[in-house]
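Undergrad: Structure supplied as run_26.tsv; contents: TSV, C-alpha atoms.
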```tsv
chain	number	residue	atom	x	y	z
C	1	MET	CA	65.55	6.10	288.82
C	2	ARG	CA	65.06	4.21	285.61
C	3	GLU	CA	63.01	1.04	285.89
C	4	ARG	CA	65.05	-2.08	285.21
C	5	SER	CA	63.56	-4.96	283.29
C	6	PRO	CA	63.88	-8.50	284.69
C	7	VAL	CA	67.40	-9.91	284.75
C	8	TRP	CA	66.60	-13.12	283.01
C	9	GLY	CA	65.25	-11.73	279.75
C	10	ARG	CA	68.47	-9.96	278.96
C	11	ASP	CA	70.71	-12.69	280.24
C	12	LEU	CA	68.81	-15.23	278.20
C	13	ARG	CA	69.41	-13.24	275.04
C	14	ARG	CA	73.11	-13.13	275.78
C	15	ILE	CA	73.25	-16.85	276.46
C	16	LEU	CA	71.44	-17.56	273.20
C	17	TYR	CA	73.90	-15.34	271.40
C	18	SER	CA	77.00	-16.78	273.02
C	19	TYR	CA	76.19	-20.46	272.59
C	20	PRO	CA	73.48	-21.67	270.16
C	21	LEU	CA	73.77	-18.78	267.74
C	22	ARG	CA	77.51	-18.92	267.79
C	23	ALA	CA	77.41	-22.66	267.09
C	24	LEU	CA	74.97	-22.03	264.26
C	25	ALA	CA	77.24	-19.36	262.79
C	26	ALA	CA	80.10	-21.85	262.88
C	27	ALA	CA	78.05	-24.52	261.14
C	28	LEU	CA	76.23	-22.55	258.45
C	29	PRO	CA	77.63	-20.69	255.46
C	30	PRO	CA	77.71	-16.92	256.18
C	31	ARG	CA	74.80	-16.06	253.89
C	32	ALA	CA	72.60	-18.78	255.31
C	33	PHE	CA	73.40	-17.72	258.86
C	34	LEU	CA	72.63	-14.08	258.13
C	35	ALA	CA	69.34	-15.11	256.52
C	36	VAL	CA	68.39	-17.01	259.67
C	37	SER	CA	69.53	-14.02	261.74
C	38	ARG	CA	67.18	-11.71	259.90
C	39	LEU	CA	64.27	-13.88	261.03
C	40	LEU	CA	65.34	-13.49	264.66
C	41	ILE	CA	65.92	-9.75	264.59
C	42	PRO	CA	62.23	-8.74	264.90
C	43	VAL	CA	61.99	-10.93	268.00
C	44	TYR	CA	65.01	-9.19	269.49
C	45	VAL	CA	63.65	-5.74	268.65
C	46	ALA	CA	60.27	-6.55	270.19
C	47	THR	CA	61.82	-7.75	273.45
C	48	ALA	CA	64.76	-5.39	274.02
C	49	PHE	CA	62.72	-3.15	276.33
C	50	HIS	CA	65.62	-2.02	278.47
C	51	LEU	CA	67.86	-0.94	275.59
C	52	GLU	CA	64.88	0.67	273.92
C	53	SER	CA	64.14	2.71	277.05
C	54	LEU	CA	67.78	3.79	277.28
C	55	ALA	CA	68.12	4.80	273.63
C	56	ARG	CA	64.82	6.47	272.75
C	57	PRO	CA	65.07	9.62	274.91
C	58	HIS	CA	68.53	10.38	273.53
C	59	ILE	CA	67.46	9.75	269.96
C	60	ALA	CA	64.42	11.96	270.41
C	61	ARG	CA	66.43	14.79	271.97
C	62	ALA	CA	69.17	14.67	269.34
C	63	LEU	CA	66.70	14.70	266.47
C	64	GLY	CA	64.22	17.12	268.04
C	65	LEU	CA	61.44	14.53	268.19
C	66	ASP	CA	58.78	13.69	270.75
C	67	SER	CA	60.20	10.78	272.73
C	68	ALA	CA	56.81	9.06	272.91
C	69	GLY	CA	55.98	9.77	269.26
C	70	PRO	CA	55.91	7.24	266.43
C	71	GLU	CA	58.98	8.62	264.64
C	72	ALA	CA	61.26	8.29	267.66
C	73	ARG	CA	59.92	4.78	268.26
C	74	ALA	CA	60.50	3.79	264.64
C	75	ILE	CA	64.09	5.07	264.61
C	76	THR	CA	64.78	3.33	267.90
C	77	ARG	CA	63.45	0.06	266.49
C	78	ARG	CA	65.69	0.44	263.44
C	79	PHE	CA	68.61	1.18	265.78
C	80	LEU	CA	67.93	-2.03	267.73
C	81	ALA	CA	67.70	-3.99	264.48
C	82	SER	CA	71.06	-2.58	263.31
C	83	ASN	CA	72.52	-3.49	266.68
C	84	ALA	CA	71.31	-7.08	266.36
C	85	LEU	CA	72.49	-7.43	262.78
C	86	CYS	CA	75.92	-6.11	263.73
C	87	ARG	CA	76.21	-8.71	266.50
C	88	MET	CA	75.20	-11.45	264.10
C	89	ARG	CA	77.73	-10.27	261.56
C	90	ASP	CA	80.37	-10.37	264.28
C	91	LEU	CA	79.72	-14.08	264.62
C	92	VAL	CA	80.37	-14.49	260.91
C	93	LEU	CA	83.51	-12.34	260.96
C	94	ASN	CA	84.63	-14.25	264.04
C	95	LYS	CA	85.04	-17.39	261.96
C	96	LEU	CA	85.52	-16.00	258.49
C	97	GLU	CA	89.02	-16.83	257.31
C	98	ALA	CA	88.37	-16.74	253.59
C	99	GLN	CA	89.26	-13.07	253.13
C	100	GLY	CA	88.10	-13.14	249.54
C	101	ARG	CA	84.51	-13.52	250.70
C	102	LEU	CA	84.46	-10.14	252.42
C	103	THR	CA	82.56	-7.62	250.37
C	104	CYS	CA	81.64	-3.96	250.48
C	105	SER	CA	78.57	-2.38	248.95
C	106	ALA	CA	80.10	1.08	248.41
C	107	LEU	CA	83.53	2.62	248.88
C	108	SER	CA	83.91	6.33	248.33
C	109	GLY	CA	86.66	8.86	249.00
C	110	VAL	CA	89.43	6.29	249.18
C	111	GLY	CA	91.50	8.80	247.21
C	112	ASN	CA	91.40	10.98	250.34
C	113	LEU	CA	93.04	8.17	252.24
C	114	ASP	CA	95.67	7.70	249.53
C	115	THR	CA	96.43	11.41	249.51
C	116	ALA	CA	96.82	11.43	253.29
C	117	LEU	CA	99.13	8.42	253.20
C	118	ALA	CA	101.24	9.92	250.42
C	119	GLY	CA	102.71	12.34	252.98
C	120	GLY	CA	104.59	9.39	254.50
C	121	LYS	CA	103.52	10.15	258.07
C	122	GLY	CA	100.71	7.64	258.29
C	123	ALA	CA	97.15	8.74	258.93
C	124	LEU	CA	94.81	8.72	261.89
C	125	VAL	CA	91.42	7.53	260.67
C	126	VAL	CA	88.81	9.04	262.97
C	127	SER	CA	85.28	7.76	263.21
C	128	GLY	CA	82.30	7.29	265.46
C	129	HIS	CA	80.92	3.99	266.71
C	130	PHE	CA	78.87	3.03	263.68
C	131	TYR	CA	77.62	-0.47	263.06
C	132	GLY	CA	79.53	-0.95	259.82
C	133	ASN	CA	82.97	-0.35	261.36
C	134	ARG	CA	84.15	-3.85	262.06
C	135	ALA	CA	83.11	-5.38	258.76
C	136	ALA	CA	84.45	-2.34	256.93
C	137	LYS	CA	87.85	-2.53	258.57
C	138	ARG	CA	88.18	-6.20	257.76
C	139	TYR	CA	87.32	-5.39	254.17
C	140	LEU	CA	89.78	-2.48	254.05
C	141	ALA	CA	92.56	-4.64	255.45
C	142	ASN	CA	91.80	-7.15	252.74
C	143	ILE	CA	92.26	-4.57	249.97
C	144	GLY	CA	95.50	-3.16	251.37
C	145	TYR	CA	94.50	-0.67	254.07
C	146	PRO	CA	95.10	-2.45	257.39
C	147	MET	CA	94.32	-0.31	260.43
C	148	LEU	CA	95.36	-0.58	264.03
C	149	SER	CA	92.18	-0.28	266.11
C	150	VAL	CA	92.36	1.50	269.45
C	151	ARG	CA	90.03	-0.15	271.93
C	152	ASP	CA	88.87	0.17	275.49
C	153	LEU	CA	89.26	-2.94	277.61
C	154	CYS	CA	86.36	-1.90	279.82
C	155	PRO	CA	83.87	-0.09	277.63
C	156	PRO	CA	80.68	1.27	279.15
C	157	ASP	CA	78.18	-1.56	279.10
C	158	PRO	CA	74.50	-1.44	280.04
C	159	TYR	CA	74.81	-5.08	281.12
C	160	ARG	CA	77.69	-4.48	283.51
C	161	GLY	CA	77.09	-5.91	286.95
C	162	ARG	CA	74.65	-8.57	285.78
C	163	PRO	CA	75.35	-12.00	287.23
C	164	MET	CA	75.77	-13.66	283.83
C	165	SER	CA	77.98	-10.93	282.47
C	166	LYS	CA	80.99	-12.39	284.31
C	167	ILE	CA	80.67	-15.57	282.26
C	168	LEU	CA	79.50	-14.10	278.99
C	169	ALA	CA	81.67	-10.99	278.76
C	170	PRO	CA	84.91	-12.95	278.22
C	171	LYS	CA	83.25	-14.89	275.40
C	172	ARG	CA	82.16	-11.63	273.82
C	173	ASP	CA	85.67	-10.16	274.26
C	174	GLY	CA	87.23	-13.22	272.64
C	175	CYS	CA	84.85	-12.95	269.72
C	176	LEU	CA	85.62	-9.25	269.26
C	177	HIS	CA	89.34	-9.93	269.36
C	178	ARG	CA	89.01	-12.46	266.55
C	179	VAL	CA	86.88	-10.01	264.57
C	180	ILE	CA	89.12	-6.96	265.01
C	181	ARG	CA	92.53	-8.69	265.24
C	182	ASP	CA	94.81	-5.67	264.79
C	183	GLU	CA	94.27	-3.80	268.05
C	184	VAL	CA	95.78	-1.96	270.96
C	185	PHE	CA	94.01	-1.18	274.23
C	186	LEU	CA	93.83	2.17	275.97
C	187	GLN	CA	94.86	0.39	279.15
C	188	ASP	CA	98.09	-0.95	277.61
C	189	SER	CA	101.10	0.76	279.13
C	190	ASP	CA	102.52	1.42	275.67
C	191	CYS	CA	99.28	2.36	273.93
C	192	ALA	CA	100.33	5.85	272.82
C	193	LEU	CA	103.71	4.56	271.70
C	194	GLU	CA	102.12	1.78	269.66
C	195	ILE	CA	99.88	4.30	267.91
C	196	PHE	CA	102.81	6.60	267.26
C	197	LYS	CA	104.90	3.71	266.00
C	198	ARG	CA	102.26	2.66	263.49
C	199	LEU	CA	101.91	6.24	262.25
C	200	ARG	CA	105.65	6.68	261.94
C	201	SER	CA	105.78	3.50	259.89
C	202	GLY	CA	103.41	5.21	257.45
C	203	GLY	CA	100.48	3.07	258.57
C	204	LEU	CA	96.87	3.66	259.55
C	205	VAL	CA	95.37	3.89	263.01
C	206	ASN	CA	91.64	4.03	263.64
C	207	ILE	CA	90.22	5.68	266.70
C	208	HIS	CA	86.64	6.36	267.77
C	209	TYR	CA	86.39	9.68	269.49
C	210	ASP	CA	82.70	9.78	270.29
C	211	VAL	CA	82.17	8.20	273.66
C	212	ILE	CA	84.56	9.08	276.40
C	213	HIS	CA	83.88	12.36	278.10
C	214	PRO	CA	86.67	12.70	280.62
C	215	PRO	CA	86.69	15.36	283.32
C	216	ASP	CA	89.67	17.08	281.71
C	217	GLY	CA	88.38	16.75	278.16
C	218	PHE	CA	87.56	19.41	275.61
C	219	ASP	CA	84.05	20.77	275.98
C	220	CYS	CA	81.87	20.82	272.85
C	221	SER	CA	78.20	21.03	272.00
C	222	PHE	CA	77.01	17.55	271.00
C	223	LEU	CA	73.58	16.13	270.26
C	224	GLY	CA	71.69	18.77	272.16
C	225	THR	CA	73.93	18.86	275.19
C	226	ARG	CA	77.51	19.69	276.22
C	227	ARG	CA	80.13	16.95	276.28
C	228	ALA	CA	83.80	16.84	277.13
C	229	PHE	CA	85.71	14.97	274.42
C	230	ALA	CA	88.98	13.14	274.77
C	231	THR	CA	92.00	14.95	273.36
C	232	ARG	CA	94.97	12.65	273.68
C	233	PHE	CA	94.48	11.04	270.28
C	234	LEU	CA	94.86	14.50	268.74
C	235	LYS	CA	98.02	15.12	270.72
C	236	ILE	CA	99.47	11.91	269.32
C	237	ALA	CA	98.53	13.00	265.80
C	238	PHE	CA	100.12	16.37	266.46
C	239	HIS	CA	103.40	14.78	267.56
C	240	ALA	CA	103.35	12.39	264.61
C	241	GLY	CA	102.53	15.26	262.25
C	242	CYS	CA	100.02	13.03	260.51
C	243	PRO	CA	96.74	13.98	258.86
C	244	LEU	CA	93.33	12.99	260.23
C	245	VAL	CA	90.96	11.25	257.84
C	246	PRO	CA	87.29	11.13	258.88
C	247	MET	CA	85.58	7.86	258.02
C	248	LEU	CA	81.97	6.67	258.16
C	249	CYS	CA	81.05	2.98	257.87
C	250	LEU	CA	77.40	2.02	257.60
C	251	SER	CA	76.21	-1.51	257.90
C	252	GLY	CA	73.20	-1.26	255.58
C	253	ASN	CA	71.42	-4.54	255.13
C	254	GLY	CA	74.35	-6.64	254.13
C	255	SER	CA	77.90	-5.62	253.37
C	256	PRO	CA	79.13	-2.27	254.67
C	257	SER	CA	79.43	1.02	252.83
C	258	ILE	CA	82.53	3.07	253.56
C	259	MET	CA	83.15	6.79	253.09
C	260	PHE	CA	86.32	8.81	253.62
C	261	TRP	CA	86.33	12.59	253.89
C	262	PRO	CA	89.20	14.87	252.84
C	263	ALA	CA	91.98	14.83	255.42
C	264	LEU	CA	92.48	17.48	258.05
C	265	PRO	CA	96.15	18.43	258.09
C	266	GLY	CA	98.13	17.64	261.21
C	267	GLY	CA	101.07	19.19	262.96
C	268	SER	CA	101.09	22.70	261.45
C	269	ASP	CA	100.04	24.41	264.68
C	270	ARG	CA	102.43	25.91	267.20
C	271	ASN	CA	101.50	23.45	269.92
C	272	ALA	CA	99.23	20.49	270.63
C	273	GLY	CA	96.72	22.68	272.50
C	274	GLU	CA	96.18	24.86	269.44
C	275	PHE	CA	95.84	21.80	267.26
C	276	VAL	CA	93.17	20.34	269.57
C	277	ALA	CA	91.27	23.64	269.73
C	278	ARG	CA	91.30	23.97	265.94
C	279	THR	CA	90.52	20.37	265.06
C	280	LEU	CA	88.21	18.89	267.66
C	281	PRO	CA	85.20	21.19	267.08
C	282	VAL	CA	85.40	20.37	263.36
C	283	LEU	CA	85.49	16.65	264.07
C	284	VAL	CA	82.65	16.82	266.58
C	285	ALA	CA	80.44	18.81	264.19
C	286	MET	CA	81.17	16.26	261.46
C	287	LEU	CA	80.35	13.38	263.77
C	288	GLU	CA	77.13	14.99	264.88
C	289	ALA	CA	76.03	15.43	261.26
C	290	GLN	CA	76.83	11.77	260.56
C	291	ILE	CA	74.80	10.64	263.56
C	292	VAL	CA	71.82	12.83	262.73
C	293	SER	CA	71.86	11.55	259.13
C	294	HIS	CA	72.12	7.90	260.19
C	295	PRO	CA	70.76	7.67	263.75
C	296	GLU	CA	69.90	3.98	263.45
C	297	GLU	CA	73.54	3.18	262.64
C	298	TRP	CA	75.19	4.83	265.64
C	299	ALA	CA	75.92	2.34	268.40
C	300	LEU	CA	76.14	4.51	271.50
C	301	TRP	CA	72.62	5.71	272.16
C	302	THR	CA	72.22	3.38	275.12
C	303	ILE	CA	75.34	4.56	276.95
C	304	LEU	CA	75.19	8.25	276.24
C	305	ASP	CA	74.65	8.94	279.92
C	306	GLN	CA	77.72	7.08	281.07
C	307	ALA	CA	80.83	9.14	281.68
C	308	GLY	CA	84.29	7.81	281.04
C	309	GLY	CA	87.17	8.13	283.48
C	310	GLY	CA	90.29	10.21	283.08
C	311	GLU	CA	92.28	7.01	282.65
C	312	ARG	CA	90.52	6.40	279.39
C	313	ASN	CA	91.09	9.86	278.04
C	314	MET	CA	91.73	8.92	274.46
C	315	ALA	CA	88.73	7.32	272.89
C	316	CYS	CA	86.90	4.16	273.54
C	317	ASN	CA	86.09	0.70	272.41
C	318	GLY	CA	87.63	0.88	268.96
C	319	ALA	CA	86.06	-1.93	266.97
X	1	MET	CA	132.61	8.97	278.34
X	2	GLU	CA	132.17	12.68	278.88
X	3	ARG	CA	129.85	12.85	275.91
X	4	ASN	CA	127.66	10.09	277.34
X	5	ALA	CA	127.54	11.87	280.69
X	6	ASP	CA	126.38	15.01	278.92
X	7	ILE	CA	123.72	13.06	277.01
X	8	ARG	CA	122.54	11.49	280.23
X	9	ARG	CA	122.23	14.87	281.91
X	10	ARG	CA	120.24	16.25	278.97
X	11	VAL	CA	118.01	13.16	278.83
X	12	LEU	CA	117.07	13.67	282.46
X	13	GLN	CA	116.44	17.33	281.81
X	14	VAL	CA	114.09	16.43	278.93
X	15	LEU	CA	112.35	13.99	281.22
X	16	ARG	CA	111.85	16.68	283.83
X	17	ASP	CA	110.61	19.19	281.28
X	18	SER	CA	108.32	16.90	279.33
X	19	LEU	CA	106.71	15.41	282.42
X	20	SER	CA	106.71	18.67	284.38
X	21	VAL	CA	108.25	17.02	287.41
X	22	ASN	CA	110.54	18.67	289.87
X	23	LEU	CA	113.26	16.31	291.04
X	24	SER	CA	116.67	17.30	292.30
X	25	GLU	CA	119.96	16.26	290.66
X	26	GLU	CA	120.61	14.03	293.68
X	27	GLU	CA	117.32	12.24	293.31
X	28	MET	CA	118.05	11.61	289.64
X	29	ALA	CA	121.74	10.84	290.05
X	30	GLY	CA	121.36	7.10	290.43
X	31	ALA	CA	118.54	6.73	287.97
X	32	VAL	CA	118.74	3.66	285.79
X	33	ARG	CA	115.12	2.61	285.28
X	34	LEU	CA	113.29	5.84	284.64
X	35	GLU	CA	109.83	4.60	285.44
X	36	GLU	CA	111.00	4.11	289.01
X	37	LEU	CA	111.37	7.87	289.23
X	38	PHE	CA	108.23	8.98	287.50
X	39	GLY	CA	105.86	6.08	286.95
X	40	MET	CA	105.62	6.97	283.27
X	41	ASP	CA	102.31	6.30	281.62
X	42	SER	CA	101.82	5.76	277.93
X	43	MET	CA	101.19	9.39	276.98
X	44	ALA	CA	104.01	10.64	279.18
X	45	ALA	CA	106.36	8.21	277.46
X	46	LEU	CA	105.39	9.64	274.09
X	47	GLU	CA	105.92	13.22	275.28
X	48	PHE	CA	109.34	12.13	276.54
X	49	LEU	CA	110.24	10.52	273.21
X	50	VAL	CA	109.20	13.60	271.25
X	51	GLY	CA	111.18	15.79	273.65
X	52	LEU	CA	114.29	13.65	273.10
X	53	GLU	CA	113.97	13.89	269.34
X	54	ARG	CA	113.74	17.67	269.60
X	55	GLU	CA	116.61	17.99	272.05
X	56	PHE	CA	119.08	15.74	270.26
X	57	GLY	CA	117.96	16.08	266.66
X	58	VAL	CA	117.61	12.31	266.35
X	59	ARG	CA	114.72	10.33	264.96
X	60	PHE	CA	113.67	7.07	266.59
X	61	ALA	CA	113.13	4.37	264.00
X	62	PRO	CA	109.63	2.82	264.24
X	63	GLU	CA	111.02	-0.54	265.32
X	64	GLN	CA	112.89	1.18	268.17
X	65	ILE	CA	109.86	2.98	269.55
X	66	GLU	CA	109.27	0.88	272.61
X	67	PHE	CA	108.58	1.51	276.25
X	68	ASP	CA	111.51	-0.62	277.37
X	69	LEU	CA	114.06	1.53	275.57
X	70	LEU	CA	112.65	4.74	277.03
X	71	LYS	CA	112.70	3.36	280.55
X	72	ASP	CA	116.27	2.03	280.40
X	73	LEU	CA	118.55	5.03	280.86
X	74	PRO	CA	121.95	3.46	279.96
X	75	ARG	CA	120.48	1.89	276.81
X	76	LEU	CA	118.73	5.10	275.89
X	77	VAL	CA	121.92	7.13	276.26
X	78	ARG	CA	123.80	4.65	274.04
X	79	TYR	CA	121.03	4.73	271.46
X	80	ILE	CA	121.11	8.52	271.25
X	81	ALA	CA	124.90	8.68	271.25
X	82	GLU	CA	125.07	6.32	268.28
X	83	ARG	CA	122.71	8.49	266.28
X	84	MET	CA	123.88	11.94	267.17
X	85	PRO	CA	126.23	13.70	264.80
X	86	ALA	CA	129.87	13.31	265.87
X	87	PRO	CA	131.20	16.32	267.84
X	88	ASP	CA	133.57	18.69	266.09
X	89	PRO	CA	137.22	17.70	266.59
```
So, in terms of structure tokens, how does the structure I just supplied come out?
TA:
Amino acid sequence: MRERSPVWGRDLRRILYSYPLRALAAALPPRAFLAVSRLLIPVYVATAFHLESLARPHIARALGLDSAGPEARAITRRFLASNALCRMRDLVLNKLEAQGRLTCSALSGVGNLDTALAGGKGALVVSGHFYGNRAAKRYLANIGYPMLSVRDLCPPDPYRGRPMSKILAPKRDGCLHRVIRDEVFLQDSDCALEIFKRLRSGGLVNIHYDVIHPPDGFDCSFLGTRRAFATRFLKIAFHAGCPLVPMLCLSGNGSPSIMFWPALPGGSDRNAGEFVARTLPVLVAMLEAQIVSHPEEWALWTILDQAGGGERNMACNGA
Amino acid sequence: MERNADIRRRVLQVLRDSLSVNLSEEEMAGAVRLEELFGMDSMAALEFLVGLEREFGVRFAPEQIEFDLLKDLPRLVRYIAERMPAPDP
């Protein structure tokens, strides 16, 4: 059994985030708020013992490091700092209405997206849970590439079951909704149809395929272990005949950097099963390389142990 | 009338095939709201829609891709009938 740190330390951080910091974000200009945030991040990193203990063994295993060694500790600290900065940026995006103020530090491969869209069947933009995603998608929407985000209403959460989480989780959900805006939930009865509809309209749908490992998923080697990956999103792409465009969004220190890879063609296989078998290992290998190159930017180290249910066999927690 | 009855029969056949369910003609005879028969989930609804497009050679316009249409058998039959090529005289 893993040792659990005291309830109140973690709850206190969430209360601080949900009330005073949120009020500060509303009052200060975005740059000033982010400057203040940067002063608080070392405090967060130094006190997030529980998350640190959850993330470090996975980081060490994936990167072939000694879990107790200085390198694994340093990467884990950078991961926690990225996590905190992402949350702070959410508070800015939560209130930011002046779209013109959204910026991006680097955008590469957007021609791959244009080429995919030129086929007229829309495109499924596939990505992992990286800390630059939300800011990047807001920026992309602003420059003419709006994406429907597929989200999980009940994502795995290391805080689940805490007394304060009942009060604070809805606040967090509301904030995320205002940040992401264009979204559909896996639990919606018409989720697959909404995705298909957007694709058929020639639009973009973004799905994260890196977290749910359902019992009936597709088994792949991943970060030093075996994982079952969700397949339904690929079946939707197969039926829509649309290409898949891999995307990576890194948060960096300020505005996000966004990269698109050349599209994987969709719909040329004889059936959806063949399409999944051909495509998913390629996507998983690509994701793994992205994570290993940017371990501090991947958001799921702390929940890598948590399995998803069959109900959520599509992807998870879009954002 | 006869044409619509034929479409209805084929729609129910697509539903059976795409959802891999085994219901008798009698059980399906009075079907109006399809989810009452099968409890369609989101992915099943999509499989059904794709099966209908294949069977009837029609293409659902994006604005018509909705759960309510797929669950409402009389409306669905009308929708398909309006878009299918007219039968040879």
Undergrad: Could you list as a ChimeraX atom specification every residue that has an atom within 12 Å of (111.4, 19.9, 272.1), using the file's coordinates and counting all atoms listed in the file?
TA: /C:239,270-271 /X:10-11,13-15,17-18,47-58
Undergrad: Counting only C-alpha atoms, a student should be able to say which residues of chain X come within 9 Å of chain C; what is the right answer, written as a list in words?
TA: Met40, Asp41, Ser42, Met43, Ala44, Ala45, Leu46, Glu47, Leu49, Val50, Ala61, Pro62, Glu63, Gln64, Ile65, Glu66 and Phe67 of chain X
Undergrad: For the atom pair CA of Tyr145 (chain C) and CA of Val110 (chain C), what is the interatomic distance in Å to one decimal place?
TA: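 Calculated distance between CA of Tyr145 (chain C) and CA of Val110 (chain C) is 9.9 Å.
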Undergrad: Identify, on the basis of all atoms listed in the file, every residue whose closest approach to Ala26 (chain C) does not exceed 8 Å; exclude the query and any residue fewer than 4 positions from it along the same chain; express the result as a list in words.
TA: Arg22, Leu91, Val92 and Lys95 of chain C
Undergrad: Which value, in Å to one decimal, gives the distance between CA of Phe185 (chain C) and CA of Leu204 (chain C)?
TA: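 Calculated distance between CA of Phe185 (chain C) and CA of Leu204 (chain C) is 15.7 Å.
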Undergrad: I want to know what sits within 12 Å of Lys137 (chain C), based on all atoms listed in the file, with residues of the same chain fewer than 6 positions away left out; could you give that as a CSV table (one decimal) with C-alpha atoms, in the frame of the given file?
TA:
```
chain,number,residue,atom,x,y,z
C,93,LEU,CA,83.5,-12.3,261.0
C,99,GLN,CA,89.3,-13.1,253.1
C,102,LEU,CA,84.5,-10.1,252.4
C,103,THR,CA,82.6,-7.6,250.4
C,104,CYS,CA,81.6,-4.0,250.5
C,107,LEU,CA,83.5,2.6,248.9
C,125,VAL,CA,91.4,7.5,260.7
C,127,SER,CA,85.3,7.8,263.2
C,130,PHE,CA,78.9,3.0,263.7
C,131,TYR,CA,77.6,-0.5,263.1
C,143,ILE,CA,92.3,-4.6,250.0
C,144,GLY,CA,95.5,-3.2,251.4
C,145,TYR,CA,94.5,-0.7,254.1
C,146,PRO,CA,95.1,-2.4,257.4
C,147,MET,CA,94.3,-0.3,260.4
C,148,LEU,CA,95.4,-0.6,264.0
C,149,SER,CA,92.2,-0.3,266.1
C,179,VAL,CA,86.9,-10.0,264.6
C,180,ILE,CA,89.1,-7.0,265.0
C,181,ARG,CA,92.5,-8.7,265.2
C,182,ASP,CA,94.8,-5.7,264.8
C,183,GLU,CA,94.3,-3.8,268.0
C,204,LEU,CA,96.9,3.7,259.6
C,205,VAL,CA,95.4,3.9,263.0
C,206,ASN,CA,91.6,4.0,263.6
C,207,ILE,CA,90.2,5.7,266.7
C,247,MET,CA,85.6,7.9,258.0
C,248,LEU,CA,82.0,6.7,258.2
C,249,CYS,CA,81.0,3.0,257.9
C,250,LEU,CA,77.4,2.0,257.6
C,251,SER,CA,76.2,-1.5,257.9
C,255,SER,CA,77.9,-5.6,253.4
C,256,PRO,CA,79.1,-2.3,254.7
C,257,SER,CA,79.4,1.0,252.8
C,258,ILE,CA,82.5,3.1,253.6
C,259,MET,CA,83.2,6.8,253.1
C,318,GLY,CA,87.6,0.9,269.0
C,319,ALA,CA,86.1,-1.9,267.0
```
Undergrad: How far is it from CA of Ala27 (chain C) to CA of Leu80 (chain C), in Å with one decimal?
TA: 25.5 Å
Undergrad: Find, counting only C-alpha atoms, the residue in C:Gly122, C:Pro281, C:Gly109, C:Gly64 that gets nearest to Gly203 (chain C).
TA: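 Using only C-alpha atoms, Gly203 (chain C) sits closest to C:Gly122.
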